[in-house]
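File shown here: target.txt, holding compact mmCIF, C-alpha atoms and all ligand atoms.
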# COMPACT_ATOMS: atom_id res chain seq x y z
CA MET A 4 -49.82 52.97 29.89
CA GLU A 5 -47.75 49.85 30.60
CA ILE A 6 -49.15 46.62 32.05
CA LYS A 7 -46.39 45.08 34.18
CA THR A 8 -46.72 41.30 34.04
CA LEU A 9 -45.38 39.52 37.09
CA LYS A 10 -44.29 35.89 37.45
CA ASN A 11 -47.14 34.76 39.66
CA TYR A 12 -49.67 35.87 42.28
CA LYS A 13 -47.07 35.74 45.06
CA GLU A 14 -44.86 38.21 43.19
CA LEU A 15 -47.86 40.43 42.43
CA SER A 16 -48.76 40.50 46.12
CA SER A 17 -45.22 41.19 47.33
CA THR A 18 -44.58 43.87 44.68
CA VAL A 19 -47.65 45.81 45.78
CA ALA A 20 -46.82 45.12 49.45
CA ASP A 21 -43.45 46.87 48.89
CA ILE A 22 -45.29 49.96 47.63
CA VAL A 23 -47.67 49.91 50.61
CA GLU A 24 -44.74 49.43 52.99
CA TYR A 25 -43.05 52.52 51.58
CA THR A 26 -46.32 54.51 51.79
CA LEU A 27 -46.66 53.64 55.48
CA THR A 28 -43.39 55.50 56.16
CA LEU A 29 -44.97 58.80 55.04
CA PRO A 30 -46.37 61.13 57.73
CA GLU A 31 -50.00 60.17 58.54
CA PRO A 32 -50.46 58.05 55.42
CA LYS A 33 -53.86 57.79 53.77
CA LEU A 34 -54.81 54.74 51.70
CA ILE A 35 -57.83 53.67 49.68
CA LEU A 36 -58.34 49.89 49.83
CA PRO A 37 -60.32 47.31 47.83
CA THR A 38 -61.96 44.04 48.84
CA GLY A 39 -62.43 41.03 46.53
CA SER A 40 -60.21 38.06 45.80
CA THR A 41 -57.35 39.99 44.14
CA PRO A 42 -55.97 41.74 47.27
CA LEU A 43 -56.13 38.67 49.55
CA GLY A 44 -52.47 37.71 48.96
CA LEU A 45 -51.41 41.32 49.44
CA TYR A 46 -53.23 41.61 52.77
CA LYS A 47 -51.67 38.34 53.95
CA GLU A 48 -48.23 39.58 52.99
CA LEU A 49 -48.81 42.92 54.77
CA VAL A 50 -49.93 41.12 57.94
CA ASN A 51 -46.79 38.95 57.82
CA ARG A 52 -44.56 42.00 57.53
CA GLN A 53 -45.84 43.38 60.88
CA LEU A 54 -45.72 47.00 59.76
CA ASP A 55 -46.65 50.05 61.83
CA TRP A 56 -50.15 51.24 60.81
CA SER A 57 -50.74 53.37 63.92
CA THR A 58 -50.91 56.73 62.11
CA THR A 59 -52.55 55.41 58.93
CA THR A 60 -56.08 56.23 57.78
CA THR A 61 -57.85 53.92 55.32
CA TYR A 62 -60.92 54.41 53.16
CA ASN A 63 -62.59 51.37 51.65
CA LEU A 64 -63.84 51.70 48.10
CA ASP A 65 -67.29 50.28 48.55
CA GLU A 66 -69.86 48.53 50.72
CA TYR A 67 -73.09 46.68 49.99
CA VAL A 68 -76.42 48.21 50.89
CA ASP A 69 -78.98 46.01 52.70
CA ASN A 70 -76.78 42.95 52.88
CA THR A 71 -78.62 40.28 54.86
CA ILE A 72 -75.98 37.56 54.70
CA GLN A 73 -73.81 37.42 57.78
CA ASN A 74 -70.06 37.78 57.28
CA GLN A 75 -70.37 39.02 53.70
CA SER A 76 -70.12 42.74 54.37
CA TYR A 77 -66.96 44.37 53.10
CA ARG A 78 -66.33 45.66 56.62
CA TYR A 79 -66.26 42.05 57.85
CA PHE A 80 -63.95 41.08 54.98
CA MET A 81 -61.51 43.85 55.85
CA MET A 82 -61.57 43.09 59.59
CA GLU A 83 -60.89 39.40 58.98
CA ASN A 84 -58.23 39.77 56.30
CA LEU A 85 -56.38 42.85 57.46
CA PHE A 86 -57.56 45.17 60.20
CA LYS A 87 -57.81 42.73 63.10
CA HIS A 88 -54.20 41.64 62.50
CA ILE A 89 -52.55 45.09 62.39
CA ASN A 90 -52.27 48.06 64.75
CA MET A 91 -54.81 50.32 63.00
CA ASP A 92 -56.75 52.76 65.14
CA ASP A 93 -60.45 51.84 64.64
CA ASP A 94 -61.31 55.54 64.39
CA ASN A 95 -59.15 55.78 61.26
CA ILE A 96 -61.01 53.10 59.31
CA TYR A 97 -63.68 54.41 56.93
CA PHE A 98 -66.08 52.72 54.55
CA SER A 99 -67.89 54.35 51.68
CA GLY A 100 -71.14 53.32 53.36
CA ASP A 101 -70.35 55.62 56.31
CA THR A 102 -72.30 58.66 55.21
CA ALA A 103 -70.23 60.90 57.46
CA VAL A 104 -67.21 60.34 55.27
CA TRP A 105 -68.81 61.07 51.90
CA PRO A 106 -68.09 64.80 51.85
CA ASP A 107 -64.40 64.27 52.61
CA LEU A 108 -63.97 61.71 49.90
CA SER A 109 -66.02 63.66 47.41
CA TYR A 110 -63.92 66.77 47.77
CA GLY A 111 -60.56 65.08 47.40
CA THR A 112 -58.99 63.95 50.62
CA GLU A 113 -55.23 63.88 50.09
CA VAL A 114 -54.88 60.15 49.59
CA ASP A 115 -51.28 58.92 49.19
CA LEU A 116 -52.08 55.56 47.62
CA CYS A 117 -55.19 54.05 46.10
CA LEU A 118 -55.24 50.28 45.43
CA LEU A 119 -57.75 48.91 42.95
CA GLY A 120 -58.96 45.64 41.43
CA ILE A 121 -60.85 45.50 38.14
CA GLY A 122 -64.23 43.87 37.48
CA GLY A 123 -64.92 41.65 34.45
CA ASN A 124 -66.85 44.54 32.88
CA GLY A 125 -64.10 47.11 33.58
CA HIS A 126 -65.61 48.50 36.77
CA ILE A 127 -63.42 49.97 39.49
CA ALA A 128 -64.92 50.05 42.96
CA PHE A 129 -68.61 49.73 41.97
CA ASN A 130 -68.43 52.34 39.25
CA GLU A 131 -70.16 50.26 36.62
CA PRO A 132 -69.98 50.89 32.85
CA GLY A 133 -71.61 54.23 32.05
CA SER A 134 -70.46 55.90 35.31
CA SER A 135 -69.38 59.48 34.78
CA PHE A 136 -65.66 60.21 35.12
CA GLU A 137 -66.86 63.10 37.32
CA SER A 138 -68.86 60.80 39.62
CA GLU A 139 -68.69 61.34 43.36
CA THR A 140 -69.26 58.83 46.16
CA ARG A 141 -72.85 57.61 45.87
CA MET A 142 -75.33 54.75 45.99
CA VAL A 143 -75.47 52.61 42.81
CA ASP A 144 -77.34 49.65 41.35
CA LEU A 145 -75.05 46.72 40.56
CA THR A 146 -75.15 45.27 37.05
CA GLU A 147 -76.29 41.72 36.43
CA GLU A 148 -72.72 40.76 35.51
CA THR A 149 -71.35 42.05 38.83
CA ILE A 150 -74.13 40.35 40.82
CA LYS A 151 -73.27 37.11 39.01
CA ASP A 152 -69.51 37.57 39.65
CA ASN A 153 -70.13 38.23 43.35
CA SER A 154 -72.56 35.34 43.80
CA ARG A 155 -69.57 33.02 44.40
CA PHE A 156 -69.37 34.49 47.92
CA PHE A 157 -73.10 34.00 48.72
CA PRO A 158 -75.35 30.96 49.34
CA SER A 159 -77.32 31.79 46.16
CA ILE A 160 -77.47 34.54 43.55
CA ASN A 161 -80.70 35.79 45.14
CA ASP A 162 -78.76 36.64 48.31
CA VAL A 163 -76.36 39.03 46.53
CA PRO A 164 -77.24 42.64 47.35
CA THR A 165 -78.29 44.61 44.29
CA GLN A 166 -77.04 47.99 45.52
CA ALA A 167 -73.85 49.36 47.01
CA VAL A 168 -72.28 52.63 48.06
CA THR A 169 -69.21 53.26 45.97
CA MET A 170 -66.50 55.83 46.00
CA GLY A 171 -66.82 57.82 42.78
CA LEU A 172 -64.30 57.97 39.94
CA LYS A 173 -63.47 61.59 40.75
CA PRO A 174 -62.25 61.01 44.33
CA ILE A 175 -60.41 57.85 43.19
CA MET A 176 -58.61 59.86 40.51
CA SER A 177 -57.64 62.56 43.02
CA SER A 178 -55.33 60.07 44.81
CA LYS A 179 -51.63 60.93 44.49
CA LYS A 180 -50.76 57.41 43.34
CA ILE A 181 -52.93 54.58 42.00
CA ILE A 182 -52.11 50.86 41.65
CA LEU A 183 -54.39 48.60 39.63
CA MET A 184 -54.03 44.86 40.29
CA ALA A 185 -55.39 42.05 38.14
CA ASN A 186 -54.94 38.34 38.75
CA GLY A 187 -55.81 35.66 36.21
CA LYS A 188 -56.16 35.18 32.45
CA HIS A 189 -59.88 35.97 32.63
CA LYS A 190 -58.92 39.59 33.47
CA LYS A 191 -56.39 40.04 30.67
CA ASP A 192 -58.74 41.11 27.91
CA ILE A 193 -60.62 43.73 29.93
CA LEU A 194 -57.33 44.97 31.41
CA GLU A 195 -55.86 45.50 27.93
CA GLN A 196 -59.01 47.28 26.76
CA ALA A 197 -58.88 49.53 29.84
CA MET A 198 -55.19 50.36 29.55
CA TYR A 199 -54.62 50.41 25.78
CA GLY A 200 -58.08 51.08 24.32
CA ASP A 201 -60.25 54.18 24.06
CA ILE A 202 -60.82 56.22 27.18
CA THR A 203 -64.55 55.74 27.57
CA GLU A 204 -67.15 55.71 30.32
CA ASN A 205 -68.21 52.30 28.95
CA ILE A 206 -65.01 50.95 30.52
CA PRO A 207 -64.68 52.89 33.79
CA ALA A 208 -61.09 51.69 34.43
CA SER A 209 -59.98 53.39 31.19
CA VAL A 210 -60.06 56.74 33.04
CA LEU A 211 -56.90 55.53 34.82
CA GLN A 212 -54.94 56.15 31.60
CA THR A 213 -55.23 59.87 32.38
CA HIS A 214 -53.63 59.59 35.84
CA THR A 215 -50.03 60.76 35.96
CA ASN A 216 -48.84 58.41 38.73
CA MET A 217 -50.44 55.06 38.06
CA GLU A 218 -49.09 51.50 37.77
CA THR A 219 -50.78 48.31 36.60
CA PHE A 220 -49.68 44.87 37.76
CA TYR A 221 -50.94 41.66 36.20
CA CYS A 222 -50.26 37.95 36.60
CA ASP A 223 -51.79 34.93 34.81
C1 LIG B 301 -64.09 45.66 45.65
C2 LIG B 301 -64.02 46.43 44.41
C3 LIG B 301 -64.25 45.76 43.10
C4 LIG B 301 -63.23 44.63 42.86
C5 LIG B 301 -63.45 43.98 41.49
C6 LIG B 301 -62.54 42.79 41.29
O1 LIG B 301 -63.89 46.49 46.76
O2 LIG B 301 -63.82 47.60 44.46
O3 LIG B 301 -64.16 46.70 42.07
O4 LIG B 301 -61.94 45.16 42.93
O5 LIG B 301 -64.78 43.57 41.38
O6 LIG B 301 -62.89 41.78 42.20
P1 LIG B 301 -61.97 40.49 42.39
O7 LIG B 301 -60.70 40.95 43.02
O8 LIG B 301 -62.75 39.62 43.33
O9 LIG B 301 -61.77 39.90 41.05

Represent the supplied structure as structure tokens.
Amino acid sequence: MEIKTLKNYKELSSTVADIVEYTLTLPEPKLILPTGSTPLGLYKELVNRQLDWSTTTTYNLDEYVDNTIQNQSYRYFMMENLFKHINMDDDNIYFSGDTAVWPDLSYGTEVDLCLLGIGGNGHIAFNEPGSSFESETRMVDLTEETIKDNSRFFPSINDVPTQAVTMGLKPIMSSKKIILMANGKHKKDILEQAMYGDITENIPASVLQTHTNMETFYCD
């Protein structure tokens, strides 16, 4: 499994934007999308390209449960950074917290492209260390490390929700193509463990080594 190191964050964002742009030319494309800081440059680039999203369906990887802080839901994040700027049909936007969509995602919707970030502990979506490679979409408790990581977006650490609904590793792995993005030196070590180390449920992202159509992009 190769880690492709790009010059900078701009190049990382435009490289992945090229792959998304191609995917949008497929008939009725289906994409799985992440939130977080890593995809912000990508979403900006996609908005600038003014692509046609009218037949696209998107599934977001995760959503907090019982979030009380306004404007910190992942739905809000996606609306602000992508959806409100493109011609998506609202009926084609799904979040893992929408219970109605769980069965579809659990039984392997034909997703063309799944985009992922990686957490400091090797999580993908909110599949924390110890998650089964066979896990389906479900409600999970967030680890202390993830709550601490996410506290930068909240007034205080006590405001960070402690639970989320996450797409499972099994539906993620059933995507036809997967791109993992990592931005910053602080991600390098966990990325190398995930891509070059043992395939273990202690590092959920390591399951990606077993996918046959997967690319990893990194920049310092
Ligand atoms: C968010 C998600 C998470 C993030 C990961 C990295 O939807 O699925 O797994 O991708 O926590 O977050 P950032 O990009 O903020 O470093």

inquiry  = Around ligand LIG 301 (chain B), out to 10 Å and counting only C-alpha atoms and all ligand atoms, which residues are there? I want them as a VMD selection string.
reply    = chain A and resid 35 to 43 63 to 67 77 80 to 81 118 to 131 149 to 150 152 to 153 155 to 156 169 to 170 183 to 187 189 to 190 208

note = Atom pair atom CA of A:Ser99 + atom CA of A:Lys173, distance 13.8 Å

ask   = Within 12 Å of A:Leu172, counting all atoms listed in the file, which residues qualify if same-chain residues fewer than 3 places away don't, as a VMD selection string?
value = chain A and resid 64 to 65 108 to 111 117 119 126 to 141 169 175 to 178 204 206 to 211 213 to 214

message = Counting only C-alpha atoms, which residue out of A:Thr215, A:Glu24, A:Phe98, A:Gln166 sits closest to A:Asp144?
response =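 Of the candidates, the smallest distance to A:Asp144 is held by A:Gln166.
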
request  = Considering all atoms listed in the file, return as number ranges by chain whatever protein or nucleic-acid residues lie within 8 Å of A:Asn90, sequence-local ones (same chain, fewer than 3 positions apart) excluded.
outcome  = A: 55-57, 86-87

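With atom CA of A:Tyr25 on one side and atom CA of A:Val168 on the other, the separation reads 29.4 Å.
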
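Counting from atom CA of A:Lys7, the distance to atom CA of A:Tyr221 is 6.0 Å.
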
ask   = Closest to A:Met91 among A:Leu54, A:Val114, A:Val68, A:Leu45, using all atoms listed in the file?
value =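 Counting all atoms listed in the file, the residue closest to A:Met91 is A:Leu54.
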
inquiry  = Show me, as a list in words, the residues that have an atom within 9 Å of A:Ser17 when counting all atoms listed in the file, minus same-chain residues fewer than 6 positions from it.
reply    =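 So, after excluding close chain neighbours, the residues are Gly44, Leu45, Glu48 and Leu49 of chain A.
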
Missing atoms in stretch 36-47 of chain A need filling: write out N, CA and C atoms for it as a compact mmCIF listing (two decimals), keeping the file's coordinate frame.
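The result, written out as rebuild-v3.txt:
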# COMPACT_ATOMS: atom_id res chain seq x y z
N LEU A 36 -58.53 51.34 49.93
CA LEU A 36 -58.34 49.89 49.83
C LEU A 36 -59.54 49.19 49.18
N PRO A 37 -59.25 48.12 48.41
CA PRO A 37 -60.32 47.31 47.83
C PRO A 37 -60.57 46.03 48.64
N THR A 38 -61.72 45.41 48.37
CA THR A 38 -61.96 44.04 48.84
C THR A 38 -61.87 43.13 47.61
N GLY A 39 -62.45 41.95 47.68
CA GLY A 39 -62.43 41.03 46.53
C GLY A 39 -61.33 40.00 46.68
N SER A 40 -61.21 39.14 45.68
CA SER A 40 -60.21 38.06 45.80
C SER A 40 -58.80 38.56 45.45
N THR A 41 -58.68 39.55 44.59
CA THR A 41 -57.35 39.99 44.14
C THR A 41 -56.43 40.44 45.29
N PRO A 42 -56.91 41.25 46.24
CA PRO A 42 -55.97 41.74 47.27
C PRO A 42 -55.70 40.78 48.43
N LEU A 43 -56.30 39.57 48.39
CA LEU A 43 -56.13 38.67 49.55
C LEU A 43 -54.66 38.34 49.83
N GLY A 44 -53.89 38.04 48.78
CA GLY A 44 -52.47 37.71 48.96
C GLY A 44 -51.70 38.92 49.47
N LEU A 45 -52.04 40.09 48.98
CA LEU A 45 -51.41 41.32 49.44
C LEU A 45 -51.67 41.53 50.94
N TYR A 46 -52.92 41.38 51.36
CA TYR A 46 -53.23 41.61 52.77
C TYR A 46 -52.50 40.60 53.66
N LYS A 47 -52.39 39.37 53.19
CA LYS A 47 -51.67 38.34 53.95
C LYS A 47 -50.20 38.74 54.09
